[in-house]
Amino acid sequence: MRSDRESRAPLGLKLAAAGGLLFLHVPILLIFVYAFTTEDRSYQWPPPGLTAKWLSVTWNRPDVWEALGLSVRVAAISTVIAIVLGTLCAAAVSRTRFFGREAVSLLVILPIALPGIITGIALRSAFSLADIPFSFWTIVLGHATFCVVVVYNNAVARFRRTSGSLIEASMDLGADGFQTFRHVVLPNIATALLAGGMLAFALSFDEVIVTTFTAGQQATLPIWMLEELVRPRQRPVTNVVAMVVVLVTFLPILAAYYLTRDGDRIAGAGK
């Protein structure tokens, strides 16, 4: 049995971990502070004063609501598409053997491995070549290309950890393919799909690069923020919106973590 002294981390390692966390999160905390500053044009430290008026100003900005609504709709539809396609791809790759299976798996995850600007240029070229006007749906298709990867990675990992004997037993008992999926497969992969969907939603919600190439004249919330930083009118409003984006993206990621932290156990392995 290990002693308490052996289980403790060295002081230097603790300091390094604390320094890394501060490096990552102090800039985010500054966004929260600047969302309440009384200065509306520049960033000063320390802030000359604090006020909550920018919350009401942001609430009454119609352009913020328009951009937010567009981002939510795009993220929701992209997530649904990603869940359907990602689950089907994961089932095919993990449950069947065929020539080129590993190549298919590589092609599925390739969009998220490539730099966003490459994906954006490729999509823009494809839409232009097909004479497809840039619209809401081009943004959705652009986001779905990398959201599929997130769902696929979660689903394929869970498929591989689910015992095949459960499916065989269901078939032996007379269940058809749909009944087996509904009553056996889906309950075992549901949390993985939910986690993948949450991560896909968060990824789509704050996407900038691919959106820039596929949006045309429309502005999602991240694009609106970028334009406001280039031509600032009320800079604290941008920080209030950024604070909301942090919260909106943090909560799904946190939920996805708690849903998948016990995913290393193989369903049905002991039956």
# chains A, B, ... in the order shown; residues from 1 in each chain; ligands from 1
$ residues_around --residues "stretch 210-212 of chain A" --least-positions-apart "5" --cutoff "10 Å" --atoms "only C-alpha atoms" --output "PyMOL selection string"
chain A and resi 115-124+138-140+142-143+145-146+204+217-220+222-223
$ write_last_selection --atoms "N, CA and C atoms" --output "PDB file, in the first residue's frame"
ATOM      1  N   PRO A 115      -6.376  22.054 -41.319  1.00  0.00           N
ATOM      2  CA  PRO A 115      -6.592  23.434 -40.878  1.00  0.00           C
ATOM      3  C   PRO A 115      -7.947  23.941 -41.362  1.00  0.00           C
ATOM      4  N   GLY A 116      -8.604  24.732 -40.528  1.00  0.00           N
ATOM      5  CA  GLY A 116      -9.936  25.223 -40.865  1.00  0.00           C
ATOM      6  C   GLY A 116      -9.969  26.008 -42.159  1.00  0.00           C
ATOM      7  N   ILE A 117      -8.900  26.731 -42.450  1.00  0.00           N
ATOM      8  CA  ILE A 117      -8.889  27.545 -43.666  1.00  0.00           C
ATOM      9  C   ILE A 117      -8.876  26.653 -44.909  1.00  0.00           C
ATOM     10  N   ILE A 118      -8.236  25.481 -44.829  1.00  0.00           N
ATOM     11  CA  ILE A 118      -8.250  24.540 -45.955  1.00  0.00           C
ATOM     12  C   ILE A 118      -9.666  24.018 -46.190  1.00  0.00           C
ATOM     13  N   THR A 119     -10.324  23.636 -45.105  1.00  0.00           N
ATOM     14  CA  THR A 119     -11.705  23.165 -45.224  1.00  0.00           C
ATOM     15  C   THR A 119     -12.606  24.259 -45.773  1.00  0.00           C
ATOM     16  N   GLY A 120     -12.416  25.490 -45.299  1.00  0.00           N
ATOM     17  CA  GLY A 120     -13.233  26.603 -45.768  1.00  0.00           C
ATOM     18  C   GLY A 120     -13.043  26.884 -47.249  1.00  0.00           C
ATOM     19  N   ILE A 121     -11.787  26.893 -47.692  1.00  0.00           N
ATOM     20  CA  ILE A 121     -11.515  27.133 -49.116  1.00  0.00           C
ATOM     21  C   ILE A 121     -12.089  26.013 -49.969  1.00  0.00           C
ATOM     22  N   ALA A 122     -11.948  24.774 -49.504  1.00  0.00           N
ATOM     23  CA  ALA A 122     -12.474  23.636 -50.267  1.00  0.00           C
ATOM     24  C   ALA A 122     -13.990  23.712 -50.398  1.00  0.00           C
ATOM     25  N   LEU A 123     -14.669  24.037 -49.303  1.00  0.00           N
ATOM     26  CA  LEU A 123     -16.126  24.139 -49.348  1.00  0.00           C
ATOM     27  C   LEU A 123     -16.573  25.288 -50.236  1.00  0.00           C
ATOM     28  N   ARG A 124     -15.898  26.424 -50.119  1.00  0.00           N
ATOM     29  CA  ARG A 124     -16.266  27.574 -50.946  1.00  0.00           C
ATOM     30  C   ARG A 124     -16.080  27.249 -52.431  1.00  0.00           C
ATOM     31  N   THR A 138     -25.563  26.532 -46.534  1.00  0.00           N
ATOM     32  CA  THR A 138     -24.140  26.329 -46.790  1.00  0.00           C
ATOM     33  C   THR A 138     -23.343  26.396 -45.487  1.00  0.00           C
ATOM     34  N   ILE A 139     -23.786  27.239 -44.558  1.00  0.00           N
ATOM     35  CA  ILE A 139     -23.136  27.270 -43.243  1.00  0.00           C
ATOM     36  C   ILE A 139     -23.350  25.937 -42.527  1.00  0.00           C
ATOM     37  N   VAL A 140     -24.580  25.437 -42.580  1.00  0.00           N
ATOM     38  CA  VAL A 140     -24.898  24.163 -41.919  1.00  0.00           C
ATOM     39  C   VAL A 140     -24.046  23.034 -42.481  1.00  0.00           C
ATOM     40  N   GLY A 142     -21.196  23.258 -44.020  1.00  0.00           N
ATOM     41  CA  GLY A 142     -19.803  23.478 -43.636  1.00  0.00           C
ATOM     42  C   GLY A 142     -19.528  23.028 -42.211  1.00  0.00           C
ATOM     43  N   HIS A 143     -20.444  23.340 -41.289  1.00  0.00           N
ATOM     44  CA  HIS A 143     -20.254  22.938 -39.892  1.00  0.00           C
ATOM     45  C   HIS A 143     -20.424  21.437 -39.715  1.00  0.00           C
ATOM     46  N   THR A 145     -19.496  19.109 -41.578  1.00  0.00           N
ATOM     47  CA  THR A 145     -18.318  18.344 -42.009  1.00  0.00           C
ATOM     48  C   THR A 145     -17.387  18.024 -40.846  1.00  0.00           C
ATOM     49  N   PHE A 146     -17.246  18.951 -39.904  1.00  0.00           N
ATOM     50  CA  PHE A 146     -16.363  18.648 -38.780  1.00  0.00           C
ATOM     51  C   PHE A 146     -17.137  18.204 -37.539  1.00  0.00           C
ATOM     52  N   SER A 204     -19.709  23.879 -33.208  1.00  0.00           N
ATOM     53  CA  SER A 204     -20.372  24.633 -34.270  1.00  0.00           C
ATOM     54  C   SER A 204     -20.702  26.045 -33.814  1.00  0.00           C
ATOM     55  N   GLN A 217     -23.343  36.860 -46.763  1.00  0.00           N
ATOM     56  CA  GLN A 217     -23.592  38.115 -46.059  1.00  0.00           C
ATOM     57  C   GLN A 217     -24.132  37.906 -44.652  1.00  0.00           C
ATOM     58  N   GLN A 218     -24.369  36.668 -44.254  1.00  0.00           N
ATOM     59  CA  GLN A 218     -24.918  36.404 -42.928  1.00  0.00           C
ATOM     60  C   GLN A 218     -23.806  36.409 -41.885  1.00  0.00           C
ATOM     61  N   ALA A 219     -24.180  36.699 -40.656  1.00  0.00           N
ATOM     62  CA  ALA A 219     -23.197  36.776 -39.579  1.00  0.00           C
ATOM     63  C   ALA A 219     -23.667  35.956 -38.386  1.00  0.00           C
ATOM     64  N   THR A 220     -22.950  34.868 -38.099  1.00  0.00           N
ATOM     65  CA  THR A 220     -23.188  34.139 -36.861  1.00  0.00           C
ATOM     66  C   THR A 220     -22.600  34.949 -35.708  1.00  0.00           C
ATOM     67  N   PRO A 222     -20.021  34.400 -33.579  1.00  0.00           N
ATOM     68  CA  PRO A 222     -18.570  34.627 -33.613  1.00  0.00           C
ATOM     69  C   PRO A 222     -18.149  35.603 -34.712  1.00  0.00           C
ATOM     70  N   ILE A 223     -18.797  35.547 -35.883  1.00  0.00           N
ATOM     71  CA  ILE A 223     -18.473  36.488 -36.952  1.00  0.00           C
ATOM     72  C   ILE A 223     -18.863  37.898 -36.543  1.00  0.00           C
TER      73      ILE A 223
END
$ closest_residue --among "A:Val33, A:Ala90, A:Val150, A:Asp206" --to "A:Ser71" --atoms "only C-alpha atoms"
A:Asp206
$ closest_residue --among "A:Val230, A:Leu129, A:Val108, A:Val64" --to "A:Cys89" --atoms "only C-alpha atoms"
A:Val108
$ closest_residue --among "A:Ala202, A:Leu13, A:Ala52, A:Leu254" --to "A:Val74" --atoms "only C-alpha atoms"
A:Ala202
$ closest_residue --among "A:Ile31, A:Gly19, A:Ala155, A:Gly12" --to "A:Arg235" --atoms "only C-alpha atoms"
A:Ile31
$ closest_residue --among "A:Leu229, A:Asn60, A:Ser125, A:Ala76" --to "A:Leu199" --atoms "only C-alpha atoms"
A:Ala76
$ closest_residue --among "A:Ala113, A:Phe250, A:Val244, A:Leu106" --to "A:Leu55" --atoms "only C-alpha atoms"
A:Val244
